[in-house]
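Undergrad: My structure is below; once you've seen it, I'll send some questions.
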Amino acid sequence: MNCDTAARQLPLMLYGELTFDEEELLQQHIESCGSCRSELVTITKVQRRLDGAEVEVESALLADCRRNLRIATSAIAENGGPQRSFWADL
């Protein structure tokens, strides 16, 4: 594994998106590469700050989003859902 591949995979590893084998190869690379080990520390700090951030959403925006979601899911249900579309296309 090279540093470019490791840099692309570090965020994926933090969110559990790598296969066991991919994570093993990445861990081996991190153990032998100080630069990537440092990058992992930085990305971990950023991830923790983002995950810990609490965002205040205006109640009107939240209500609009919920209404739009309800309208969209109702339209899907009225049309028979995604399965109906699949079978109709066949």
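Ordering of the structure tokens sets the chain letters (A, B, ...), residue numbers begin anew at 1 in every chain, and ligands are numbered from 1 in the order given.
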Write out as a PDB file with N, CA, C and O atoms, in the first residue's frame all residues of chain A that DSSP puts in helix (DSSP H, G or I) for this structure's backbone.

TA:
ATOM      1  N   CYS A   3       1.045   5.727   0.213  1.00  0.00           N
ATOM      2  CA  CYS A   3       0.451   6.804   1.013  1.00  0.00           C
ATOM      3  C   CYS A   3      -0.805   7.388   0.370  1.00  0.00           C
ATOM      4  O   CYS A   3      -1.722   7.791   1.080  1.00  0.00           O
ATOM      5  N   ASP A   4      -0.862   7.445  -0.959  1.00  0.00           N
ATOM      6  CA  ASP A   4      -2.052   7.973  -1.625  1.00  0.00           C
ATOM      7  C   ASP A   4      -3.273   7.099  -1.342  1.00  0.00           C
ATOM      8  O   ASP A   4      -4.353   7.601  -1.035  1.00  0.00           O
ATOM      9  N   THR A   5      -3.084   5.804  -1.443  1.00  0.00           N
ATOM     10  CA  THR A   5      -4.179   4.876  -1.156  1.00  0.00           C
ATOM     11  C   THR A   5      -4.574   4.980   0.311  1.00  0.00           C
ATOM     12  O   THR A   5      -5.758   5.010   0.652  1.00  0.00           O
ATOM     13  N   ALA A   6      -3.589   5.048   1.182  1.00  0.00           N
ATOM     14  CA  ALA A   6      -3.855   5.157   2.616  1.00  0.00           C
ATOM     15  C   ALA A   6      -4.645   6.426   2.923  1.00  0.00           C
ATOM     16  O   ALA A   6      -5.610   6.393   3.691  1.00  0.00           O
ATOM     17  N   ALA A   7      -4.271   7.539   2.315  1.00  0.00           N
ATOM     18  CA  ALA A   7      -4.958   8.812   2.560  1.00  0.00           C
ATOM     19  C   ALA A   7      -6.426   8.734   2.159  1.00  0.00           C
ATOM     20  O   ALA A   7      -7.289   9.296   2.841  1.00  0.00           O
ATOM     21  N   ARG A   8      -6.719   8.031   1.066  1.00  0.00           N
ATOM     22  CA  ARG A   8      -8.116   7.872   0.637  1.00  0.00           C
ATOM     23  C   ARG A   8      -8.891   6.947   1.564  1.00  0.00           C
ATOM     24  O   ARG A   8     -10.092   7.104   1.743  1.00  0.00           O
ATOM     25  N   GLN A   9      -8.202   5.972   2.155  1.00  0.00           N
ATOM     26  CA  GLN A   9      -8.887   4.977   2.968  1.00  0.00           C
ATOM     27  C   GLN A   9      -9.014   5.349   4.446  1.00  0.00           C
ATOM     28  O   GLN A   9      -9.845   4.781   5.141  1.00  0.00           O
ATOM     29  N   LEU A  10      -8.220   6.285   4.925  1.00  0.00           N
ATOM     30  CA  LEU A  10      -8.272   6.644   6.347  1.00  0.00           C
ATOM     31  C   LEU A  10      -9.675   7.057   6.802  1.00  0.00           C
ATOM     32  O   LEU A  10     -10.173   6.528   7.800  1.00  0.00           O
ATOM     33  N   PRO A  11     -10.339   7.986   6.104  1.00  0.00           N
ATOM     34  CA  PRO A  11     -11.685   8.350   6.557  1.00  0.00           C
ATOM     35  C   PRO A  11     -12.656   7.162   6.495  1.00  0.00           C
ATOM     36  O   PRO A  11     -13.519   7.013   7.363  1.00  0.00           O
ATOM     37  N   LEU A  12     -12.491   6.320   5.493  1.00  0.00           N
ATOM     38  CA  LEU A  12     -13.355   5.138   5.370  1.00  0.00           C
ATOM     39  C   LEU A  12     -13.159   4.192   6.549  1.00  0.00           C
ATOM     40  O   LEU A  12     -14.121   3.608   7.063  1.00  0.00           O
ATOM     41  N   MET A  13     -11.921   4.064   6.993  1.00  0.00           N
ATOM     42  CA  MET A  13     -11.631   3.212   8.138  1.00  0.00           C
ATOM     43  C   MET A  13     -12.308   3.748   9.396  1.00  0.00           C
ATOM     44  O   MET A  13     -12.891   2.995  10.174  1.00  0.00           O
ATOM     45  N   LEU A  14     -12.255   5.059   9.591  1.00  0.00           N
ATOM     46  CA  LEU A  14     -12.831   5.653  10.791  1.00  0.00           C
ATOM     47  C   LEU A  14     -14.341   5.443  10.875  1.00  0.00           C
ATOM     48  O   LEU A  14     -14.905   5.395  11.965  1.00  0.00           O
ATOM     49  N   PHE A  20     -12.358  -6.207   6.100  1.00  0.00           N
ATOM     50  CA  PHE A  20     -11.359  -6.631   7.076  1.00  0.00           C
ATOM     51  C   PHE A  20      -9.966  -6.598   6.454  1.00  0.00           C
ATOM     52  O   PHE A  20      -9.016  -6.087   7.055  1.00  0.00           O
ATOM     53  N   ASP A  21      -9.832  -7.141   5.248  1.00  0.00           N
ATOM     54  CA  ASP A  21      -8.530  -7.193   4.579  1.00  0.00           C
ATOM     55  C   ASP A  21      -7.988  -5.797   4.262  1.00  0.00           C
ATOM     56  O   ASP A  21      -6.800  -5.530   4.443  1.00  0.00           O
ATOM     57  N   GLU A  22      -8.868  -4.898   3.800  1.00  0.00           N
ATOM     58  CA  GLU A  22      -8.436  -3.529   3.513  1.00  0.00           C
ATOM     59  C   GLU A  22      -7.949  -2.841   4.784  1.00  0.00           C
ATOM     60  O   GLU A  22      -6.924  -2.154   4.769  1.00  0.00           O
ATOM     61  N   GLU A  23      -8.690  -3.035   5.867  1.00  0.00           N
ATOM     62  CA  GLU A  23      -8.296  -2.396   7.124  1.00  0.00           C
ATOM     63  C   GLU A  23      -6.975  -2.958   7.643  1.00  0.00           C
ATOM     64  O   GLU A  23      -6.141  -2.212   8.156  1.00  0.00           O
ATOM     65  N   GLU A  24      -6.768  -4.251   7.495  1.00  0.00           N
ATOM     66  CA  GLU A  24      -5.505  -4.861   7.910  1.00  0.00           C
ATOM     67  C   GLU A  24      -4.329  -4.273   7.143  1.00  0.00           C
ATOM     68  O   GLU A  24      -3.303  -3.929   7.735  1.00  0.00           O
ATOM     69  N   LEU A  25      -4.472  -4.160   5.825  1.00  0.00           N
ATOM     70  CA  LEU A  25      -3.399  -3.579   5.010  1.00  0.00           C
ATOM     71  C   LEU A  25      -3.144  -2.124   5.405  1.00  0.00           C
ATOM     72  O   LEU A  25      -1.989  -1.684   5.488  1.00  0.00           O
ATOM     73  N   LEU A  26      -4.205  -1.386   5.651  1.00  0.00           N
ATOM     74  CA  LEU A  26      -4.056   0.010   6.054  1.00  0.00           C
ATOM     75  C   LEU A  26      -3.366   0.110   7.409  1.00  0.00           C
ATOM     76  O   LEU A  26      -2.467   0.933   7.595  1.00  0.00           O
ATOM     77  N   GLN A  27      -3.749  -0.724   8.355  1.00  0.00           N
ATOM     78  CA  GLN A  27      -3.114  -0.712   9.680  1.00  0.00           C
ATOM     79  C   GLN A  27      -1.624  -1.016   9.566  1.00  0.00           C
ATOM     80  O   GLN A  27      -0.803  -0.382  10.238  1.00  0.00           O
ATOM     81  N   GLN A  28      -1.275  -1.978   8.731  1.00  0.00           N
ATOM     82  CA  GLN A  28       0.133  -2.313   8.534  1.00  0.00           C
ATOM     83  C   GLN A  28       0.892  -1.115   7.965  1.00  0.00           C
ATOM     84  O   GLN A  28       2.013  -0.827   8.380  1.00  0.00           O
ATOM     85  N   HIS A  29       0.275  -0.424   7.013  1.00  0.00           N
ATOM     86  CA  HIS A  29       0.928   0.741   6.426  1.00  0.00           C
ATOM     87  C   HIS A  29       1.101   1.835   7.474  1.00  0.00           C
ATOM     88  O   HIS A  29       2.170   2.454   7.567  1.00  0.00           O
ATOM     89  N   ILE A  30       0.063   2.084   8.266  1.00  0.00           N
ATOM     90  CA  ILE A  30       0.113   3.137   9.287  1.00  0.00           C
ATOM     91  C   ILE A  30       1.221   2.857  10.304  1.00  0.00           C
ATOM     92  O   ILE A  30       1.917   3.770  10.747  1.00  0.00           O
ATOM     93  N   GLU A  31       1.402   1.593  10.653  1.00  0.00           N
ATOM     94  CA  GLU A  31       2.444   1.225  11.619  1.00  0.00           C
ATOM     95  C   GLU A  31       3.841   1.550  11.099  1.00  0.00           C
ATOM     96  O   GLU A  31       4.741   1.857  11.879  1.00  0.00           O
ATOM     97  N   SER A  32       3.999   1.507   9.780  1.00  0.00           N
ATOM     98  CA  SER A  32       5.332   1.730   9.221  1.00  0.00           C
ATOM     99  C   SER A  32       5.524   3.120   8.616  1.00  0.00           C
ATOM    100  O   SER A  32       6.618   3.445   8.156  1.00  0.00           O
ATOM    101  N   GLY A  34       5.123   7.143   9.359  1.00  0.00           N
ATOM    102  CA  GLY A  34       4.865   8.233  10.291  1.00  0.00           C
ATOM    103  C   GLY A  34       3.957   9.305   9.719  1.00  0.00           C
ATOM    104  O   GLY A  34       3.130   9.882  10.434  1.00  0.00           O
ATOM    105  N   SER A  35       4.087   9.589   8.446  1.00  0.00           N
ATOM    106  CA  SER A  35       3.261  10.605   7.801  1.00  0.00           C
ATOM    107  C   SER A  35       1.781  10.206   7.823  1.00  0.00           C
ATOM    108  O   SER A  35       0.916  11.016   8.158  1.00  0.00           O
ATOM    109  N   CYS A  36       1.501   8.977   7.479  1.00  0.00           N
ATOM    110  CA  CYS A  36       0.116   8.505   7.468  1.00  0.00           C
ATOM    111  C   CYS A  36      -0.422   8.359   8.897  1.00  0.00           C
ATOM    112  O   CYS A  36      -1.603   8.599   9.146  1.00  0.00           O
ATOM    113  N   ARG A  37       0.452   8.003   9.821  1.00  0.00           N
ATOM    114  CA  ARG A  37       0.055   7.914  11.234  1.00  0.00           C
ATOM    115  C   ARG A  37      -0.354   9.299  11.733  1.00  0.00           C
ATOM    116  O   ARG A  37      -1.369   9.466  12.401  1.00  0.00           O
ATOM    117  N   SER A  38       0.396  10.314  11.345  1.00  0.00           N
ATOM    118  CA  SER A  38       0.072  11.692  11.706  1.00  0.00           C
ATOM    119  C   SER A  38      -1.237  12.133  11.056  1.00  0.00           C
ATOM    120  O   SER A  38      -2.058  12.806  11.684  1.00  0.00           O
ATOM    121  N   GLU A  39      -1.424  11.757   9.808  1.00  0.00           N
ATOM    122  CA  GLU A  39      -2.671  12.078   9.100  1.00  0.00           C
ATOM    123  C   GLU A  39      -3.872  11.432   9.784  1.00  0.00           C
ATOM    124  O   GLU A  39      -4.931  12.042   9.912  1.00  0.00           O
ATOM    125  N   LEU A  40      -3.693  10.209  10.263  1.00  0.00           N
ATOM    126  CA  LEU A  40      -4.771   9.517  10.987  1.00  0.00           C
ATOM    127  C   LEU A  40      -5.153  10.281  12.250  1.00  0.00           C
ATOM    128  O   LEU A  40      -6.334  10.445  12.555  1.00  0.00           O
ATOM    129  N   VAL A  41      -4.163  10.772  12.968  1.00  0.00           N
ATOM    130  CA  VAL A  41      -4.426  11.553  14.188  1.00  0.00           C
ATOM    131  C   VAL A  41      -5.231  12.803  13.838  1.00  0.00           C
ATOM    132  O   VAL A  41      -6.229  13.130  14.498  1.00  0.00           O
ATOM    133  N   THR A  42      -4.834  13.495  12.778  1.00  0.00           N
ATOM    134  CA  THR A  42      -5.531  14.714  12.356  1.00  0.00           C
ATOM    135  C   THR A  42      -6.965  14.416  11.944  1.00  0.00           C
ATOM    136  O   THR A  42      -7.904  15.100  12.373  1.00  0.00           O
ATOM    137  N   ILE A  43      -7.148  13.405  11.121  1.00  0.00           N
ATOM    138  CA  ILE A  43      -8.487  13.048  10.649  1.00  0.00           C
ATOM    139  C   ILE A  43      -9.369  12.611  11.818  1.00  0.00           C
ATOM    140  O   ILE A  43     -10.552  12.948  11.870  1.00  0.00           O
ATOM    141  N   THR A  44      -8.800  11.894  12.767  1.00  0.00           N
ATOM    142  CA  THR A  44      -9.561  11.453  13.942  1.00  0.00           C
ATOM    143  C   THR A  44     -10.042  12.650  14.746  1.00  0.00           C
ATOM    144  O   THR A  44     -11.188  12.694  15.203  1.00  0.00           O
ATOM    145  N   LYS A  45      -9.184  13.651  14.918  1.00  0.00           N
ATOM    146  CA  LYS A  45      -9.570  14.864  15.650  1.00  0.00           C
ATOM    147  C   LYS A  45     -10.709  15.591  14.935  1.00  0.00           C
ATOM    148  O   LYS A  45     -11.668  16.033  15.567  1.00  0.00           O
ATOM    149  N   VAL A  46     -10.599  15.710  13.631  1.00  0.00           N
ATOM    150  CA  VAL A  46     -11.645  16.378  12.853  1.00  0.00           C
ATOM    151  C   VAL A  46     -12.954  15.606  12.962  1.00  0.00           C
ATOM    152  O   VAL A  46     -14.024  16.189  13.180  1.00  0.00           O
ATOM    153  N   GLN A  47     -12.876  14.292  12.829  1.00  0.00           N
ATOM    154  CA  GLN A  47     -14.076  13.458  12.921  1.00  0.00           C
ATOM    155  C   GLN A  47     -14.763  13.630  14.276  1.00  0.00           C
ATOM    156  O   GLN A  47     -15.979  13.787  14.354  1.00  0.00           O
ATOM    157  N   ARG A  48     -14.000  13.624  15.337  1.00  0.00           N
ATOM    158  CA  ARG A  48     -14.572  13.780  16.678  1.00  0.00           C
ATOM    159  C   ARG A  48     -15.245  15.139  16.845  1.00  0.00           C
ATOM    160  O   ARG A  48     -16.302  15.242  17.453  1.00  0.00           O
ATOM    161  N   ARG A  49     -14.631  16.169  16.303  1.00  0.00           N
ATOM    162  CA  ARG A  49     -15.229  17.504  16.413  1.00  0.00           C
ATOM    163  C   ARG A  49     -16.516  17.590  15.605  1.00  0.00           C
ATOM    164  O   ARG A  49     -17.494  18.179  16.048  1.00  0.00           O
ATOM    165  N   LEU A  50     -16.522  16.998  14.418  1.00  0.00           N
ATOM    166  CA  LEU A  50     -17.730  17.017  13.592  1.00  0.00           C
ATOM    167  C   LEU A  50     -18.832  16.173  14.210  1.00  0.00           C
ATOM    168  O   LEU A  50     -20.001  16.572  14.223  1.00  0.00           O
ATOM    169  N   ASP A  51     -18.478  14.996  14.705  1.00  0.00           N
ATOM    170  CA  ASP A  51     -19.474  14.120  15.316  1.00  0.00           C
ATOM    171  C   ASP A  51     -20.037  14.718  16.595  1.00  0.00           C
ATOM    172  O   ASP A  51     -21.185  14.469  16.953  1.00  0.00           O
ATOM    173  N   GLY A  52     -19.236  15.515  17.293  1.00  0.00           N
ATOM    174  CA  GLY A  52     -19.677  16.104  18.546  1.00  0.00           C
ATOM    175  C   GLY A  52     -20.410  17.424  18.378  1.00  0.00           C
ATOM    176  O   GLY A  52     -20.998  17.939  19.328  1.00  0.00           O
ATOM    177  N   SER A  59     -37.016  25.598  13.483  1.00  0.00           N
ATOM    178  CA  SER A  59     -38.194  24.726  13.509  1.00  0.00           C
ATOM    179  C   SER A  59     -38.970  24.788  12.202  1.00  0.00           C
ATOM    180  O   SER A  59     -39.523  23.782  11.754  1.00  0.00           O
ATOM    181  N   ALA A  60     -38.998  25.935  11.537  1.00  0.00           N
ATOM    182  CA  ALA A  60     -39.707  26.053  10.261  1.00  0.00           C
ATOM    183  C   ALA A  60     -39.030  25.200   9.185  1.00  0.00           C
ATOM    184  O   ALA A  60     -39.708  24.534   8.396  1.00  0.00           O
ATOM    185  N   LEU A  61     -37.698  25.202   9.160  1.00  0.00           N
ATOM    186  CA  LEU A  61     -36.973  24.379   8.194  1.00  0.00           C
ATOM    187  C   LEU A  61     -37.216  22.901   8.454  1.00  0.00           C
ATOM    188  O   LEU A  61     -37.463  22.124   7.522  1.00  0.00           O
ATOM    189  N   LEU A  62     -37.168  22.509   9.707  1.00  0.00           N
ATOM    190  CA  LEU A  62     -37.424  21.121  10.066  1.00  0.00           C
ATOM    191  C   LEU A  62     -38.840  20.712   9.670  1.00  0.00           C
ATOM    192  O   LEU A  62     -39.049  19.628   9.107  1.00  0.00           O
ATOM    193  N   ALA A  63     -39.812  21.563   9.923  1.00  0.00           N
ATOM    194  CA  ALA A  63     -41.204  21.267   9.549  1.00  0.00           C
ATOM    195  C   ALA A  63     -41.345  21.133   8.035  1.00  0.00           C
ATOM    196  O   ALA A  63     -42.026  20.225   7.544  1.00  0.00           O
ATOM    197  N   ASP A  64     -40.680  22.012   7.271  1.00  0.00           N
ATOM    198  CA  ASP A  64     -40.721  21.929   5.804  1.00  0.00           C
ATOM    199  C   ASP A  64     -40.115  20.620   5.306  1.00  0.00           C
ATOM    200  O   ASP A  64     -40.653  19.980   4.402  1.00  0.00           O
ATOM    201  N   CYS A  65     -38.990  20.235   5.872  1.00  0.00           N
ATOM    202  CA  CYS A  65     -38.336  18.984   5.473  1.00  0.00           C
ATOM    203  C   CYS A  65     -39.229  17.784   5.766  1.00  0.00           C
ATOM    204  O   CYS A  65     -39.359  16.879   4.935  1.00  0.00           O
ATOM    205  N   ARG A  66     -39.850  17.786   6.923  1.00  0.00           N
ATOM    206  CA  ARG A  66     -40.747  16.681   7.273  1.00  0.00           C
ATOM    207  C   ARG A  66     -41.954  16.639   6.336  1.00  0.00           C
ATOM    208  O   ARG A  66     -42.384  15.572   5.908  1.00  0.00           O
ATOM    209  N   ARG A  67     -42.500  17.806   6.015  1.00  0.00           N
ATOM    210  CA  ARG A  67     -43.639  17.858   5.099  1.00  0.00           C
ATOM    211  C   ARG A  67     -43.243  17.347   3.718  1.00  0.00           C
ATOM    212  O   ARG A  67     -43.949  16.541   3.106  1.00  0.00           O
ATOM    213  N   ASN A  68     -42.095  17.792   3.217  1.00  0.00           N
ATOM    214  CA  ASN A  68     -41.619  17.336   1.906  1.00  0.00           C
ATOM    215  C   ASN A  68     -41.366  15.838   1.886  1.00  0.00           C
ATOM    216  O   ASN A  68     -41.667  15.166   0.899  1.00  0.00           O
ATOM    217  N   LEU A  69     -40.833  15.310   2.966  1.00  0.00           N
ATOM    218  CA  LEU A  69     -40.598  13.874   3.049  1.00  0.00           C
ATOM    219  C   LEU A  69     -41.918  13.121   3.049  1.00  0.00           C
ATOM    220  O   LEU A  69     -42.067  12.104   2.368  1.00  0.00           O
ATOM    221  N   ARG A  70     -42.892  13.629   3.798  1.00  0.00           N
ATOM    222  CA  ARG A  70     -44.209  12.991   3.854  1.00  0.00           C
ATOM    223  C   ARG A  70     -44.860  12.996   2.473  1.00  0.00           C
ATOM    224  O   ARG A  70     -45.418  11.994   2.026  1.00  0.00           O
ATOM    225  N   ILE A  71     -44.767  14.105   1.758  1.00  0.00           N
ATOM    226  CA  ILE A  71     -45.336  14.201   0.408  1.00  0.00           C
ATOM    227  C   ILE A  71     -44.646  13.220  -0.531  1.00  0.00           C
ATOM    228  O   ILE A  71     -45.293  12.502  -1.292  1.00  0.00           O
ATOM    229  N   ALA A  72     -43.326  13.165  -0.463  1.00  0.00           N
ATOM    230  CA  ALA A  72     -42.569  12.276  -1.355  1.00  0.00           C
ATOM    231  C   ALA A  72     -42.870  10.813  -1.070  1.00  0.00           C
ATOM    232  O   ALA A  72     -43.071  10.020  -2.002  1.00  0.00           O
ATOM    233  N   THR A  73     -42.928  10.434   0.200  1.00  0.00           N
ATOM    234  CA  THR A  73     -43.201   9.030   0.520  1.00  0.00           C
ATOM    235  C   THR A  73     -44.641   8.667   0.208  1.00  0.00           C
ATOM    236  O   THR A  73     -44.919   7.538  -0.202  1.00  0.00           O
ATOM    237  N   SER A  74     -45.557   9.609   0.342  1.00  0.00           N
ATOM    238  CA  SER A  74     -46.958   9.350  -0.022  1.00  0.00           C
ATOM    239  C   SER A  74     -47.078   9.111  -1.520  1.00  0.00           C
ATOM    240  O   SER A  74     -47.804   8.228  -1.964  1.00  0.00           O
ATOM    241  N   ALA A  75     -46.363   9.904  -2.311  1.00  0.00           N
ATOM    242  CA  ALA A  75     -46.395   9.735  -3.763  1.00  0.00           C
ATOM    243  C   ALA A  75     -45.844   8.377  -4.172  1.00  0.00           C
ATOM    244  O   ALA A  75     -46.397   7.709  -5.052  1.00  0.00           O
ATOM    245  N   ILE A  76     -44.803   7.948  -3.514  1.00  0.00           N
ATOM    246  CA  ILE A  76     -44.237   6.626  -3.813  1.00  0.00           C
ATOM    247  C   ILE A  76     -45.235   5.542  -3.450  1.00  0.00           C
ATOM    248  O   ILE A  76     -45.459   4.608  -4.215  1.00  0.00           O
ATOM    249  N   ALA A  77     -45.858   5.666  -2.280  1.00  0.00           N
ATOM    250  CA  ALA A  77     -46.823   4.664  -1.836  1.00  0.00           C
ATOM    251  C   ALA A  77     -48.033   4.605  -2.770  1.00  0.00           C
ATOM    252  O   ALA A  77     -48.533   3.528  -3.084  1.00  0.00           O
ATOM    253  N   GLU A  78     -48.499   5.752  -3.232  1.00  0.00           N
ATOM    254  CA  GLU A  78     -49.654   5.798  -4.129  1.00  0.00           C
ATOM    255  C   GLU A  78     -49.356   5.146  -5.471  1.00  0.00           C
ATOM    256  O   GLU A  78     -50.229   4.581  -6.108  1.00  0.00           O
ATOM    257  N   GLY A  81     -45.015   1.962  -4.912  1.00  0.00           N
ATOM    258  CA  GLY A  81     -43.663   1.805  -4.389  1.00  0.00           C
ATOM    259  C   GLY A  81     -42.663   1.492  -5.476  1.00  0.00           C
ATOM    260  O   GLY A  81     -43.005   1.325  -6.645  1.00  0.00           O
ATOM    261  N   PRO A  82     -41.399   1.403  -5.097  1.00  0.00           N
ATOM    262  CA  PRO A  82     -40.345   1.165  -6.088  1.00  0.00           C
ATOM    263  C   PRO A  82     -40.451  -0.211  -6.750  1.00  0.00           C
ATOM    264  O   PRO A  82     -40.083  -0.378  -7.890  1.00  0.00           O
ATOM    265  N   GLN A  83     -40.999  -1.202  -6.047  1.00  0.00           N
ATOM    266  CA  GLN A  83     -41.106  -2.528  -6.637  1.00  0.00           C
ATOM    267  C   GLN A  83     -42.065  -2.519  -7.827  1.00  0.00           C
ATOM    268  O   GLN A  83     -41.824  -3.153  -8.837  1.00  0.00           O
ATOM    269  N   ARG A  84     -43.175  -1.773  -7.700  1.00  0.00           N
ATOM    270  CA  ARG A  84     -44.139  -1.710  -8.792  1.00  0.00           C
ATOM    271  C   ARG A  84     -43.477  -1.136 -10.033  1.00  0.00           C
ATOM    272  O   ARG A  84     -43.666  -1.619 -11.139  1.00  0.00           O
ATOM    273  N   SER A  85     -42.674  -0.099  -9.873  1.00  0.00           N
ATOM    274  CA  SER A  85     -41.996   0.512 -11.000  1.00  0.00           C
ATOM    275  C   SER A  85     -41.051  -0.479 -11.669  1.00  0.00           C
ATOM    276  O   SER A  85     -40.987  -0.564 -12.892  1.00  0.00           O
ATOM    277  N   PHE A  86     -40.358  -1.261 -10.854  1.00  0.00           N
ATOM    278  CA  PHE A  86     -39.426  -2.255 -11.401  1.00  0.00           C
ATOM    279  C   PHE A  86     -40.181  -3.271 -12.255  1.00  0.00           C
ATOM    280  O   PHE A  86     -39.792  -3.548 -13.381  1.00  0.00           O
ATOM    281  N   TRP A  87     -41.270  -3.811 -11.726  1.00  0.00           N
ATOM    282  CA  TRP A  87     -42.022  -4.832 -12.449  1.00  0.00           C
ATOM    283  C   TRP A  87     -42.732  -4.243 -13.666  1.00  0.00           C
ATOM    284  O   TRP A  87     -42.846  -4.894 -14.695  1.00  0.00           O
ATOM    285  N   ALA A  88     -43.202  -3.009 -13.557  1.00  0.00           N
ATOM    286  CA  ALA A  88     -43.865  -2.378 -14.685  1.00  0.00           C
ATOM    287  C   ALA A  88     -42.888  -2.169 -15.841  1.00  0.00           C
ATOM    288  O   ALA A  88     -43.260  -2.273 -17.008  1.00  0.00           O
ATOM    289  N   ASP A  89     -41.642  -1.880 -15.518  1.00  0.00           N
ATOM    290  CA  ASP A  89     -40.626  -1.666 -16.570  1.00  0.00           C
ATOM    291  C   ASP A  89     -40.253  -2.953 -17.291  1.00  0.00           C
ATOM    292  O   ASP A  89     -39.798  -2.917 -18.416  1.00  0.00           O
TER     293      ASP A  89
END
